[in-house]
file coords_24.cif (mmCIF, C-alpha atoms and all ligand atoms)
data_final
#
loop_
_atom_site.label_atom_id
_atom_site.label_comp_id
_atom_site.auth_asym_id
_atom_site.auth_seq_id
_atom_site.Cartn_x
_atom_site.Cartn_y
_atom_site.Cartn_z
CA MET G 13 -17.80 15.54 3.03
CA ASP G 14 -15.47 18.57 3.14
CA SER G 15 -12.94 19.33 5.90
CA ARG G 16 -15.37 21.53 7.84
CA GLY G 17 -17.98 18.78 7.68
CA LEU G 18 -15.51 16.23 9.03
CA ILE G 19 -14.43 18.43 11.93
CA GLU G 20 -18.07 19.14 12.79
CA LEU G 21 -18.78 15.41 12.67
CA GLU G 22 -15.91 14.57 15.03
CA ARG G 23 -17.36 16.91 17.67
CA MET G 24 -20.86 15.44 17.61
CA PRO G 25 -22.24 13.07 20.25
CA PHE G 26 -22.18 9.46 19.02
CA LYS G 27 -25.91 9.12 18.24
CA ASP G 28 -25.98 12.29 16.11
CA ARG G 29 -22.76 11.22 14.41
CA LEU G 30 -24.19 7.83 13.55
CA THR G 31 -27.39 9.28 12.06
CA LYS G 32 -25.56 11.97 10.14
CA GLN G 33 -22.86 9.66 8.78
CA TYR G 34 -25.30 6.93 7.80
CA SER G 35 -27.67 9.25 5.96
CA PHE G 36 -24.75 11.10 4.31
CA TYR G 37 -23.34 7.90 2.79
CA LEU G 38 -26.75 6.61 1.72
CA LYS G 39 -27.11 9.84 -0.27
CA GLU G 40 -23.57 9.57 -1.59
CA LEU G 41 -24.31 6.10 -2.96
CA GLU G 42 -26.50 7.85 -5.51
CA ASN G 43 -23.66 10.23 -6.37
CA GLY G 44 -21.22 7.51 -7.26
CA TYR G 45 -19.80 6.46 -3.89
CA MET G 46 -18.58 2.98 -4.76
CA MET G 47 -16.55 1.70 -1.84
CA GLY G 48 -17.01 -2.01 -1.30
CA ARG G 49 -18.13 -2.88 -4.84
CA GLU G 50 -18.87 -6.58 -4.87
CA GLY G 51 -16.79 -8.71 -7.23
CA PHE G 52 -16.90 -12.35 -8.16
CA GLY G 53 -14.18 -14.77 -9.21
CA PRO G 54 -10.39 -14.45 -9.24
CA VAL G 55 -8.83 -10.99 -9.23
CA GLY G 56 -7.38 -10.42 -12.67
CA LYS G 57 -7.30 -7.78 -15.38
CA THR G 58 -10.99 -8.43 -15.94
CA MET G 59 -13.43 -9.39 -13.26
CA LYS G 60 -17.12 -9.71 -12.68
CA TYR G 61 -18.51 -6.90 -10.51
CA LYS G 62 -22.03 -6.13 -9.41
CA ASP G 63 -23.81 -3.59 -11.58
CA LEU G 64 -24.90 -0.54 -9.56
CA HIS G 65 -28.43 -0.61 -10.98
CA THR G 66 -29.33 -4.17 -11.90
CA ASP G 67 -27.45 -6.02 -9.13
CA GLU G 68 -26.21 -8.45 -11.79
CA PHE G 69 -22.58 -9.40 -12.11
CA ARG G 70 -20.99 -7.95 -15.23
CA GLU G 71 -17.45 -8.30 -16.56
CA VAL G 72 -15.38 -5.11 -16.39
CA LEU G 73 -11.78 -4.20 -17.22
CA VAL G 74 -9.81 -3.85 -13.99
CA PHE G 75 -7.43 -0.88 -13.60
CA GLY G 76 -7.80 -0.70 -9.85
CA SER G 77 -6.13 -3.79 -8.47
CA ASN G 78 -2.87 -3.84 -6.53
CA SER G 79 -2.10 -7.28 -7.93
CA TYR G 80 0.33 -5.53 -10.28
CA LEU G 81 1.89 -8.72 -11.66
CA GLY G 82 -1.24 -10.83 -11.93
CA PHE G 83 0.15 -13.33 -9.39
CA SER G 84 -3.15 -13.59 -7.50
CA ASP G 85 -4.42 -15.86 -10.29
CA HIS G 86 -1.16 -17.31 -11.63
CA PRO G 87 -1.19 -21.06 -12.47
CA TYR G 88 2.20 -21.73 -10.81
CA VAL G 89 1.13 -20.00 -7.61
CA LYS G 90 -2.17 -21.89 -7.53
CA GLU G 91 -0.38 -25.22 -8.07
CA LYS G 92 2.01 -24.52 -5.18
CA VAL G 93 -0.88 -23.56 -2.92
CA LYS G 94 -2.70 -26.82 -3.73
CA GLU G 95 0.45 -28.83 -2.93
CA ALA G 96 0.86 -26.96 0.36
CA VAL G 97 -2.74 -27.63 1.39
CA ASP G 98 -2.15 -31.38 0.94
CA LEU G 99 1.13 -31.26 2.84
CA TYR G 100 0.45 -28.76 5.61
CA GLY G 101 -3.31 -28.12 5.81
CA ILE G 102 -4.73 -24.67 6.32
CA GLY G 103 -4.69 -22.73 9.57
CA THR G 104 -1.87 -22.47 12.10
CA GLY G 105 -4.08 -22.73 15.16
CA GLY G 106 -2.20 -20.18 17.19
CA SER G 107 0.03 -17.17 17.36
CA PRO G 108 3.60 -17.55 16.10
CA ALA G 109 4.76 -16.85 19.63
CA PHE G 110 2.94 -19.97 20.87
CA SER G 111 1.83 -22.83 18.62
CA GLY G 112 1.40 -21.17 15.21
CA TYR G 113 5.00 -21.09 13.96
CA THR G 114 6.33 -23.68 11.53
CA ARG G 115 9.40 -24.36 9.46
CA GLN G 116 7.53 -22.89 6.45
CA HIS G 117 7.10 -19.59 8.34
CA LYS G 118 10.73 -19.52 9.37
CA GLU G 119 12.06 -20.29 5.89
CA LEU G 120 9.89 -17.60 4.35
CA GLU G 121 10.90 -15.03 6.97
CA LEU G 122 14.57 -15.69 6.28
CA ARG G 123 14.01 -15.52 2.52
CA LEU G 124 12.25 -12.16 2.86
CA ALA G 125 14.97 -10.86 5.19
CA LYS G 126 17.61 -11.81 2.60
CA LEU G 127 15.63 -10.07 -0.15
CA ALA G 128 15.56 -6.93 1.99
CA GLY G 129 19.27 -7.12 2.87
CA HIS G 130 18.51 -7.69 6.55
CA GLU G 131 19.31 -10.39 9.14
CA ASP G 132 15.80 -11.38 10.13
CA ALA G 133 12.11 -10.69 9.52
CA VAL G 134 8.70 -11.30 11.04
CA LEU G 135 5.59 -12.20 9.05
CA LEU G 136 2.29 -10.53 9.89
CA PRO G 137 -1.25 -11.12 8.59
CA GLY G 138 -1.19 -7.89 6.55
CA GLY G 139 0.53 -4.56 5.93
CA TYR G 140 -1.82 -2.81 8.33
CA MET G 141 -0.79 -5.18 11.12
CA ALA G 142 2.88 -4.92 10.15
CA ASN G 143 2.78 -1.16 10.66
CA LEU G 144 1.02 -1.63 14.01
CA CYS G 145 3.73 -4.19 14.83
CA TRP G 146 6.81 -1.97 14.61
CA VAL G 147 5.16 1.01 16.29
CA ASN G 148 3.80 -1.12 19.13
CA GLY G 149 6.98 -3.17 19.58
CA LEU G 150 9.50 -0.37 19.59
CA MET G 151 8.07 2.90 20.87
CA ASN G 152 6.85 4.47 24.06
CA ASN G 153 6.45 7.97 25.50
CA ASN G 154 10.21 8.33 26.00
CA ASP G 155 10.71 8.30 22.23
CA ILE G 156 9.61 10.49 19.36
CA ILE G 157 8.36 9.62 15.90
CA ILE G 158 8.43 11.84 12.82
CA TYR G 159 6.18 10.38 10.15
CA ASP G 160 5.69 11.04 6.45
CA LYS G 161 2.54 13.17 6.14
CA ASN G 162 1.38 10.88 3.32
CA SER G 163 1.70 7.76 5.49
CA HIS G 164 -0.90 5.04 5.16
CA ALA G 165 -3.80 5.08 7.64
CA SER G 166 -2.23 2.10 9.45
CA VAL G 167 0.87 4.10 10.42
CA ILE G 168 -1.14 7.08 11.62
CA ASN G 169 -3.58 4.86 13.46
CA ALA G 170 -0.71 2.90 15.08
CA ILE G 171 0.98 6.07 16.29
CA LYS G 172 -2.26 7.40 17.74
CA MET G 173 -2.76 4.12 19.60
CA THR G 174 0.50 4.59 21.54
CA SER G 175 1.72 7.36 23.79
CA VAL G 176 4.69 8.22 21.57
CA PRO G 177 4.93 11.96 20.83
CA PHE G 178 4.67 12.53 17.09
CA TYR G 179 5.42 15.05 14.37
CA SER G 180 4.75 14.82 10.65
CA PHE G 181 6.89 15.99 7.74
CA ASP G 182 6.56 16.52 4.02
CA PRO G 183 8.92 14.09 2.22
CA ASP G 184 9.04 16.49 -0.73
CA ASN G 185 10.66 19.12 1.48
CA LEU G 186 13.67 17.56 3.19
CA ASP G 187 15.12 20.97 4.12
CA GLU G 188 12.11 21.46 6.38
CA PHE G 189 12.55 17.91 7.70
CA GLU G 190 16.13 18.78 8.74
CA LYS G 191 14.94 21.97 10.43
CA LEU G 192 12.23 20.05 12.28
CA ILE G 193 14.82 17.60 13.61
CA SER G 194 17.03 20.46 14.88
CA LYS G 195 14.03 22.06 16.57
CA ILE G 196 13.07 18.79 18.26
CA ARG G 197 16.65 18.11 19.32
CA SER G 198 17.07 21.58 20.80
CA ARG G 199 13.88 21.02 22.80
CA VAL G 200 14.49 17.45 24.04
CA GLY G 201 18.29 17.06 23.90
CA ASP G 202 20.18 14.05 22.51
CA GLU G 203 18.87 11.42 24.90
CA LYS G 204 15.54 10.62 23.33
CA GLN G 205 15.40 8.12 20.48
CA ILE G 206 13.84 9.55 17.37
CA PHE G 207 12.23 7.21 14.82
CA SER G 208 11.15 8.25 11.37
CA THR G 209 9.03 6.52 8.78
CA VAL G 210 8.57 7.23 5.10
CA GLU G 211 6.90 5.48 2.18
CA GLY G 212 9.08 3.91 -0.55
CA VAL G 213 6.79 3.91 -3.57
CA ARG G 214 4.25 6.47 -2.45
CA SER G 215 0.76 4.99 -2.40
CA ILE G 216 -1.05 8.21 -3.34
CA ASP G 217 0.89 8.89 -6.55
CA GLY G 218 3.44 6.14 -7.24
CA LYS G 219 6.40 8.53 -6.85
CA ILE G 220 9.64 7.78 -5.04
CA ILE G 221 11.09 10.51 -2.85
CA GLU G 222 14.75 11.55 -2.54
CA LEU G 223 15.37 8.57 -0.30
CA ALA G 224 19.19 8.70 -0.31
CA ARG G 225 19.13 12.22 1.14
CA TYR G 226 16.43 11.29 3.66
CA ILE G 227 18.56 8.35 4.86
CA GLU G 228 21.65 10.58 5.09
CA ILE G 229 19.78 13.13 7.24
CA CYS G 230 18.40 10.40 9.51
CA LYS G 231 21.80 8.75 9.93
CA ALA G 232 23.47 12.07 10.74
CA ASN G 233 20.87 12.56 13.48
CA ASN G 234 20.85 9.04 14.92
CA ILE G 235 17.31 8.44 13.80
CA ILE G 236 15.97 4.90 13.36
CA ILE G 237 14.41 4.61 9.89
CA ILE G 238 11.38 2.51 9.00
CA LEU G 239 10.54 2.24 5.31
CA ASP G 240 6.98 1.38 4.28
CA ASP G 241 7.49 -0.17 0.86
CA ALA G 242 4.03 -1.67 0.50
CA HIS G 243 3.78 -0.72 -3.17
CA GLY G 244 7.48 -1.18 -4.00
CA LEU G 245 7.87 -4.94 -3.61
CA GLY G 246 7.44 -6.53 -7.03
CA THR G 247 6.96 -3.23 -8.87
CA VAL G 248 10.29 -1.40 -8.82
CA GLY G 249 13.93 -2.41 -8.98
CA ALA G 250 15.41 -4.55 -11.72
CA THR G 251 14.28 -7.76 -10.01
CA GLY G 252 11.28 -6.30 -8.20
CA LYS G 253 12.92 -6.18 -4.76
CA GLY G 254 11.49 -2.71 -4.27
CA THR G 255 12.51 0.89 -3.78
CA LEU G 256 15.81 0.11 -2.09
CA GLU G 257 16.92 -2.05 -5.01
CA TYR G 258 15.76 0.62 -7.47
CA LEU G 259 17.87 3.27 -5.71
CA ASN G 260 20.77 0.95 -4.88
CA LEU G 261 20.16 1.42 -1.15
CA ILE G 262 19.55 -2.16 0.00
CA GLY G 263 20.40 -2.56 3.70
CA GLN G 264 20.44 1.21 4.30
CA VAL G 265 17.27 1.45 6.42
CA ASP G 266 16.84 -0.02 9.91
CA LEU G 267 13.46 -1.61 9.30
CA ARG G 268 11.56 -2.27 6.13
CA MET G 269 7.92 -3.22 5.80
CA SER G 270 6.44 -4.62 2.60
CA THR G 271 3.07 -6.19 2.13
CA CYS G 272 2.48 -9.42 0.23
CA SER G 273 -1.07 -8.35 -0.62
CA LYS G 274 -0.15 -6.20 -3.61
CA ALA G 275 2.33 -7.29 -6.35
CA ILE G 276 2.95 -10.57 -4.52
CA GLY G 277 -0.75 -11.24 -5.06
CA ALA G 278 -1.46 -13.00 -1.75
CA GLN G 279 -1.85 -11.55 1.73
CA GLY G 280 0.35 -10.89 4.74
CA ALA G 281 3.37 -8.68 5.16
CA PHE G 282 6.82 -8.67 6.68
CA VAL G 283 8.99 -6.36 8.73
CA SER G 284 12.73 -6.96 8.33
CA GLY G 285 15.70 -5.59 10.23
CA SER G 286 18.65 -6.46 12.45
CA LYS G 287 18.55 -9.52 14.74
CA GLU G 288 18.05 -7.28 17.77
CA LEU G 289 15.19 -5.19 16.38
CA ILE G 290 13.35 -8.23 15.05
CA PHE G 291 13.87 -10.01 18.39
CA LEU G 292 12.01 -7.14 20.05
CA LEU G 293 9.12 -7.39 17.60
CA ARG G 294 8.95 -11.18 17.85
CA ASN G 295 8.80 -11.12 21.63
CA PHE G 296 7.20 -7.84 22.65
CA SER G 297 5.00 -6.53 19.87
CA TYR G 298 1.35 -7.28 20.58
CA PRO G 299 0.25 -7.36 16.92
CA TYR G 300 2.78 -10.17 16.34
CA VAL G 301 2.53 -12.05 19.65
CA PHE G 302 -1.25 -11.98 20.00
CA THR G 303 -2.52 -12.89 16.56
CA SER G 304 -2.45 -16.21 14.72
CA GLY G 305 0.34 -17.04 12.31
CA LEU G 306 -0.23 -16.79 8.56
CA ALA G 307 -2.20 -19.72 7.13
CA GLN G 308 -0.23 -22.35 5.19
CA PRO G 309 -1.76 -21.64 1.75
CA THR G 310 -0.76 -18.01 2.16
CA ILE G 311 2.82 -18.95 3.04
CA ALA G 312 2.91 -21.14 -0.07
CA ALA G 313 1.44 -18.38 -2.27
CA ILE G 314 4.01 -15.84 -1.11
CA SER G 315 6.88 -18.30 -1.60
CA ALA G 316 5.65 -19.17 -5.10
CA ALA G 317 5.39 -15.50 -6.04
CA LEU G 318 8.98 -15.00 -4.86
CA ASP G 319 10.03 -17.94 -7.09
CA LEU G 320 8.42 -16.15 -10.04
CA LEU G 321 10.15 -12.88 -9.20
CA GLU G 322 13.50 -14.66 -9.00
CA ASN G 323 13.14 -16.89 -12.05
CA GLU G 324 10.99 -14.90 -14.47
CA PRO G 325 12.16 -11.28 -14.73
CA HIS G 326 9.74 -10.58 -17.59
CA HIS G 327 6.83 -9.94 -15.19
CA VAL G 328 8.48 -6.86 -13.69
CA GLN G 329 9.89 -5.75 -17.07
CA GLN G 330 6.44 -5.98 -18.66
CA LEU G 331 4.91 -3.97 -15.82
CA HIS G 332 7.46 -1.19 -16.42
CA ALA G 333 6.77 -1.24 -20.17
CA ASN G 334 3.00 -1.11 -19.58
CA VAL G 335 3.27 1.79 -17.14
CA ALA G 336 5.35 3.81 -19.63
CA TYR G 337 2.89 3.01 -22.44
CA MET G 338 -0.13 4.04 -20.36
CA GLN G 339 1.54 7.24 -19.13
CA ASP G 340 2.32 8.22 -22.75
CA ARG G 341 -1.18 7.43 -23.95
CA LEU G 342 -2.82 9.45 -21.15
CA GLU G 343 -0.56 12.43 -21.82
CA GLN G 344 -1.23 12.23 -25.56
CA ARG G 345 -4.94 12.50 -24.73
CA GLY G 346 -4.19 15.69 -22.77
CA PHE G 347 -4.56 14.34 -19.24
CA LYS G 348 -2.51 15.73 -16.38
CA ILE G 349 -0.85 12.79 -14.62
CA ILE G 350 2.10 12.17 -12.33
CA ARG G 351 4.79 10.07 -14.01
CA GLY G 352 5.89 7.83 -11.18
CA GLU G 353 8.13 4.80 -11.33
CA SER G 354 5.68 2.19 -10.11
CA GLY G 355 2.33 0.70 -11.18
CA ILE G 356 0.26 3.63 -9.89
CA ILE G 357 -0.82 6.45 -12.22
CA PRO G 358 -2.82 9.36 -10.75
CA VAL G 359 -4.98 11.23 -13.29
CA PHE G 360 -6.22 14.74 -12.49
CA PHE G 361 -9.18 16.66 -13.91
CA GLU G 362 -9.47 20.40 -14.31
CA GLN G 363 -12.80 20.70 -12.53
CA ASP G 364 -13.06 20.09 -8.78
CA GLY G 365 -15.55 17.57 -7.44
CA VAL G 366 -15.96 15.57 -10.67
CA VAL G 367 -13.78 12.56 -10.02
CA ARG G 368 -16.44 10.51 -8.29
CA LEU G 369 -18.93 11.07 -11.11
CA ILE G 370 -16.31 10.24 -13.73
CA ASN G 371 -15.51 7.02 -11.91
CA LYS G 372 -19.18 6.11 -11.72
CA GLU G 373 -19.47 6.69 -15.48
CA LEU G 374 -16.36 4.57 -16.08
CA TYR G 375 -17.85 1.75 -14.10
CA ARG G 376 -21.06 2.00 -16.12
CA ARG G 377 -18.97 1.74 -19.29
CA GLY G 378 -17.06 -1.27 -17.99
CA LEU G 379 -13.89 0.02 -16.32
CA PHE G 380 -13.06 -0.51 -12.67
CA ALA G 381 -10.71 2.11 -11.19
CA ASN G 382 -10.22 3.74 -7.81
CA ILE G 383 -10.33 7.37 -6.79
CA MET G 384 -8.67 9.37 -4.04
CA GLU G 385 -10.55 12.22 -2.46
CA TYR G 386 -10.26 14.35 0.67
CA PRO G 387 -9.25 13.42 3.40
CA MET G 388 -6.98 10.86 1.64
CA VAL G 389 -5.49 13.70 -0.42
CA PRO G 390 -5.68 17.50 0.11
CA PRO G 391 -8.77 19.30 -1.24
CA GLY G 392 -8.30 20.16 -4.93
CA LEU G 393 -5.99 17.20 -5.54
CA GLU G 394 -8.69 14.57 -6.02
CA ARG G 395 -7.64 12.01 -8.58
CA LEU G 396 -8.47 8.88 -10.46
CA ARG G 397 -5.91 6.34 -9.32
CA LEU G 398 -5.12 3.77 -11.98
CA SER G 399 -3.22 0.62 -11.12
CA ILE G 400 -1.44 -0.94 -14.06
CA MET G 401 -0.81 -4.68 -14.30
CA SER G 402 1.88 -6.53 -16.23
CA ILE G 403 -0.88 -8.64 -17.81
CA HIS G 404 -2.75 -5.70 -19.39
CA THR G 405 -2.45 -5.68 -23.19
CA LYS G 406 -1.93 -2.56 -25.29
CA GLU G 407 -5.50 -2.95 -26.60
CA GLU G 408 -6.87 -3.00 -23.07
CA MET G 409 -4.85 0.05 -22.11
CA ASP G 410 -6.02 1.90 -25.25
CA LYS G 411 -9.59 0.99 -24.43
CA ALA G 412 -9.20 2.25 -20.85
CA VAL G 413 -7.75 5.59 -22.04
CA ASP G 414 -10.64 6.01 -24.49
CA MET G 415 -13.16 5.32 -21.76
CA ILE G 416 -11.53 7.83 -19.39
CA TYR G 417 -11.51 10.43 -22.16
CA GLU G 418 -15.16 9.90 -23.03
CA ALA G 419 -16.37 9.70 -19.42
CA SER G 420 -14.53 12.88 -18.45
CA ARG G 421 -15.93 14.76 -21.47
CA LEU G 422 -19.42 13.64 -20.62
CA VAL G 423 -19.17 14.66 -16.95
CA CYS G 424 -17.19 17.89 -17.41
CA ASN G 425 -19.18 19.37 -20.30
C1 LIG R 501 1.58 2.35 2.05
C2 LIG R 501 0.74 1.24 2.58
N1 LIG R 501 1.10 0.65 3.73
C3 LIG R 501 0.37 -0.36 4.25
C4 LIG R 501 -0.74 -0.85 3.61
C5 LIG R 501 -1.55 -1.96 4.21
O1 LIG R 501 -1.32 -3.16 3.55
P1 LIG R 501 -2.35 -4.39 3.61
O2 LIG R 501 -3.40 -4.13 2.60
O3 LIG R 501 -1.53 -5.58 3.33
O4 LIG R 501 -2.91 -4.42 5.00
C6 LIG R 501 -1.14 -0.28 2.40
C7 LIG R 501 -2.34 -0.80 1.70
O5 LIG R 501 -2.94 -0.20 0.87
C8 LIG R 501 -0.38 0.80 1.87
O6 LIG R 501 -0.73 1.38 0.72
#
call {"tool": "encode", "arguments": {"input": "coords_24.cif", "output": "structure tokens", "more": "lines below"}}
Ligand SMILES: Cc1ncc(COP(=O)(O)O)c(C=O)c1O
result
Amino acid sequence: MDSRGLIELERMPFKDRLTKQYSFYLKELENGYMMGREGFGPVGKTMKYKDLHTDEFREVLVFGSNSYLGFSDHPYVKEKVKEAVDLYGIGTGGSPAFSGYTRQHKELELRLAKLAGHEDAVLLPGGYMANLCWVNGLMNNNDIIIYDKNSHASVINAIKMTSVPFYSFDPDNLDEFEKLISKIRSRVGDEKQIFSTVEGVRSIDGKIIELARYIEICKANNIIIILDDAHGLGTVGATGKGTLEYLNLIGQVDLRMSTCSKAIGAQGAFVSGSKELIFLLRNFSYPYVFTSGLAQPTIAAISAALDLLENEPHHVQQLHANVAYMQDRLEQRGFKIIRGESGIIPVFFEQDGVVRLINKELYRRGLFANIMEYPMVPPGLERLRLSIMSIHTKEEMDKAVDMIYEASRLVCN
């Protein structure tokens, strides 16, 4: 659906909206709309997925998983989870504010805080909830937030759920960001607290912005910084600690969020910061106080993944080598890509409106990848979004590039 279609849809009464949306997506299923493809078995570099026509499960090569280091099916992690189930059971039976907080939660929070260069951290059931957590726990209509225009849906949704006045900015244009701050300050004076959030490794293209300059501008203007490094943990930095390690800026932001559902291969997320800020979240943020604590096997999986990051640097090194190899191979085949620093490689096609059909053809040929279309990215910037894993072999990457080449020729000619 194009932008005009979406605006029109938003204005419709609910019943019309429901009918229109439902029939639109039924039709789109035929055109290659593949959200919610059903898989089977552990998430790895290959996986069984349901065939679009036969409904049978068929093994495909996976280049669309955020489990960048293959930890979601790693023997050490699985062993540690089994041990934890025997020792601690499964669920926590309550919110961390009441009965659902254990020594395992506390130890992991402190370990994650240390990794982030902060004093304390809170664990949440996912990155989405973690972004709701800091917005809900810190902001009200006396404050202002300036958010990265590429922010994840969770940040935008969280902001819209509060009464905090908001502005967005383009992290690729920090001169404009500075001007926006001056404009806001001249309108509201120095009293109001301004918060700003930006992505570390950018989820739409894997790039890292000029973070040092962004931090400098925020500090000069007394702005509280929240970094969403969902895709940075485990993928960038010499030991996989994320964007701040990569840029030598550990400890330079006020709050940092990273999810454990991507390179860490499990689920859950953390927000780290100073004792005072984390105290506020722990005691006043609804998404932390009113939801159950992370289940014990998840705590064990995250801890085991951190052991691997600390003790086996080759996982992160191999991911970096694989990303560079894949970027070279795609460019050699003439594809326009963005060379980012993380596991994400966006691939663009000359013709508009073809990416969904190319992806459908790839799936038919045995390659699972994701796409990004409007409204996730601006019209004309639709892309295939490949996620590289440290466990992909050169042969598998070559095969994927061949398939993308052949599928795009078939669809575009
Ligand atoms: C930038 C960003 N923030 C937050 C999230 C949400 O993380 P989770 O999947 O753990 O809820 C994502 C997930 O894709 C993301 O890309």
call {"tool": "closest_atom_pairs", "arguments": {"input": "coords_24.cif", "of": "chain G", "to": "ligand LIG 501 (chain R)", "cutoff": "8 Å", "atoms": "only C-alpha atoms and all ligand atoms", "output": "tab-separated table"}}
result
residue	atom	partner	partner_atom	distance
G:Pro137	CA	R:LIG501	O3	7.6
G:Gly138	CA	R:LIG501	O3	4.0
G:Gly139	CA	R:LIG501	O1	3.3
G:Tyr140	CA	R:LIG501	O4	3.9
G:Met141	CA	R:LIG501	O4	6.5
G:Ala142	CA	R:LIG501	O4	7.8
G:Asn143	CA	R:LIG501	C3	6.9
G:Ser163	CA	R:LIG501	C1	6.4
G:His164	CA	R:LIG501	C1	4.8
G:Ala165	CA	R:LIG501	C3	7.6
G:Ser166	CA	R:LIG501	C3	6.3
G:Val167	CA	R:LIG501	N1	7.5
G:Glu211	CA	R:LIG501	C1	6.2
G:Val213	CA	R:LIG501	C1	7.8
G:Arg214	CA	R:LIG501	C1	6.7
G:Ser215	CA	R:LIG501	O6	5.0
G:Ile216	CA	R:LIG501	O6	8.0
G:Asp240	CA	R:LIG501	C1	5.9
G:Asp241	CA	R:LIG501	C1	6.5
G:Ala242	CA	R:LIG501	C2	4.9
G:His243	CA	R:LIG501	O6	6.3
G:Ser270	CA	R:LIG501	N1	7.6
G:Thr271	CA	R:LIG501	O3	4.8
G:Cys272	CA	R:LIG501	O3	6.4
G:Ser273	CA	R:LIG501	O3	4.8
G:Lys274	CA	R:LIG501	O3	7.1
G:Gln279	CA	R:LIG501	O3	6.2
G:Gly280	CA	R:LIG501	O3	5.8
G:Ala281	CA	R:LIG501	O3	6.1
call {"tool": "atom_distance", "arguments": {"input": "coords_24.cif", "atom1": "atom CA of Lys126 of chain G", "atom2": "atom CA of Ser354 of chain G"}}
result
22.4 Å
call {"tool": "closest_atom_pairs", "arguments": {"input": "coords_24.cif", "of": "segment 32-97 of chain G", "to": "segment 330-349 of chain G", "cutoff": "12 Å", "atoms": "only C-alpha atoms", "output": "tab-separated table"}}
result
residue	atom	partner	partner_atom	distance
G:Phe75	CA	G:Met338	CA	11.1
G:Ser79	CA	G:Leu331	CA	11.1
G:Tyr80	CA	G:Leu331	CA	7.4
G:Leu81	CA	G:Leu331	CA	7.0
G:Gly82	CA	G:Leu331	CA	10.0
call {"tool": "write_last_selection", "arguments": {"input": "coords_24.cif", "atoms": "C-alpha atoms", "output": "PDB file, keeping the file's coordinate frame"}}
result
ATOM      1  CA  PHE G  75      -7.430  -0.880 -13.600  1.00  0.00           C
ATOM      2  CA  SER G  79      -2.100  -7.280  -7.930  1.00  0.00           C
ATOM      3  CA  TYR G  80       0.330  -5.530 -10.280  1.00  0.00           C
ATOM      4  CA  LEU G  81       1.890  -8.720 -11.660  1.00  0.00           C
ATOM      5  CA  GLY G  82      -1.240 -10.830 -11.930  1.00  0.00           C
TER       6      GLY G  82
END
call {"tool": "closest_residue", "arguments": {"input": "coords_24.cif", "among": "G:Asp132, G:Lys90, G:Leu150, G:Leu223", "to": "Phe296 of chain G", "atoms": "only C-alpha atoms"}}
result
G:Leu150
call {"tool": "closest_residue", "arguments": {"input": "coords_24.cif", "among": "G:Lys118, G:Arg70, G:Lys195, G:Lys372", "to": "Ile311 of chain G", "atoms": "only C-alpha atoms"}}
result
G:Lys118
call {"tool": "closest_residue", "arguments": {"input": "coords_24.cif", "among": "G:Tyr34, G:Phe83, G:Phe380, G:Tyr300", "to": "Ser107 of chain G", "atoms": "only C-alpha atoms"}}
result
G:Tyr300
call {"tool": "residues_around", "arguments": {"input": "coords_24.cif", "residues": "His65 of chain G", "least_positions_apart": "3", "cutoff": "12 Å", "atoms": "only C-alpha atoms", "output": "MDAnalysis selection string"}}
result
chainID G and resid 41:42 44 61:62 68:70 372 375:376
call {"tool": "write_last_selection", "arguments": {"input": "coords_24.cif", "atoms": "C-alpha atoms", "output": "compact mmCIF listing (two decimals), in the frame of the given file"}}
result
# COMPACT_ATOMS: atom_id res chain seq x y z
CA LEU G 41 -24.31 6.10 -2.96
CA GLU G 42 -26.50 7.85 -5.51
CA GLY G 44 -21.22 7.51 -7.26
CA TYR G 61 -18.51 -6.90 -10.51
CA LYS G 62 -22.03 -6.13 -9.41
CA GLU G 68 -26.21 -8.45 -11.79
CA PHE G 69 -22.58 -9.40 -12.11
CA ARG G 70 -20.99 -7.95 -15.23
CA LYS G 372 -19.18 6.11 -11.72
CA TYR G 375 -17.85 1.75 -14.10
CA ARG G 376 -21.06 2.00 -16.12
call {"tool": "atom_distance", "arguments": {"input": "coords_24.cif", "atom1": "atom CA of Ala412 of chain G", "atom2": "atom CA of Leu379 of chain G"}}
result
6.9 Å
call {"tool": "residues_around", "arguments": {"input": "coords_24.cif", "residues": "Phe302 of chain G", "least_positions_apart": "6", "cutoff": "9 Å", "atoms": "only C-alpha atoms", "output": "number ranges by chain"}}
result
G: 106-109
call {"tool": "write_last_selection", "arguments": {"input": "coords_24.cif", "atoms": "C-alpha atoms", "output": "tab-separated table (two decimals), in the frame of the given file"}}
result
chain	number	residue	atom	x	y	z
G	106	GLY	CA	-2.20	-20.18	17.19
G	107	SER	CA	0.03	-17.17	17.36
G	108	PRO	CA	3.60	-17.55	16.10
G	109	ALA	CA	4.76	-16.85	19.63
call {"tool": "residues_around", "arguments": {"input": "coords_24.cif", "residues": "Ala381 of chain G", "least_positions_apart": "6", "cutoff": "8 Å", "atoms": "only C-alpha atoms", "output": "list in words"}}
result
Val74, Phe75, Gly76, Ser77, Asn371, Leu374, Tyr375, Leu396, Arg397, Leu398 and Ser399 of chain G
call {"tool": "atom_distance", "arguments": {"input": "coords_24.cif", "atom1": "atom CA of Lys161 of chain G", "atom2": "atom CA of Ile19 of chain G"}}
result
18.7 Å
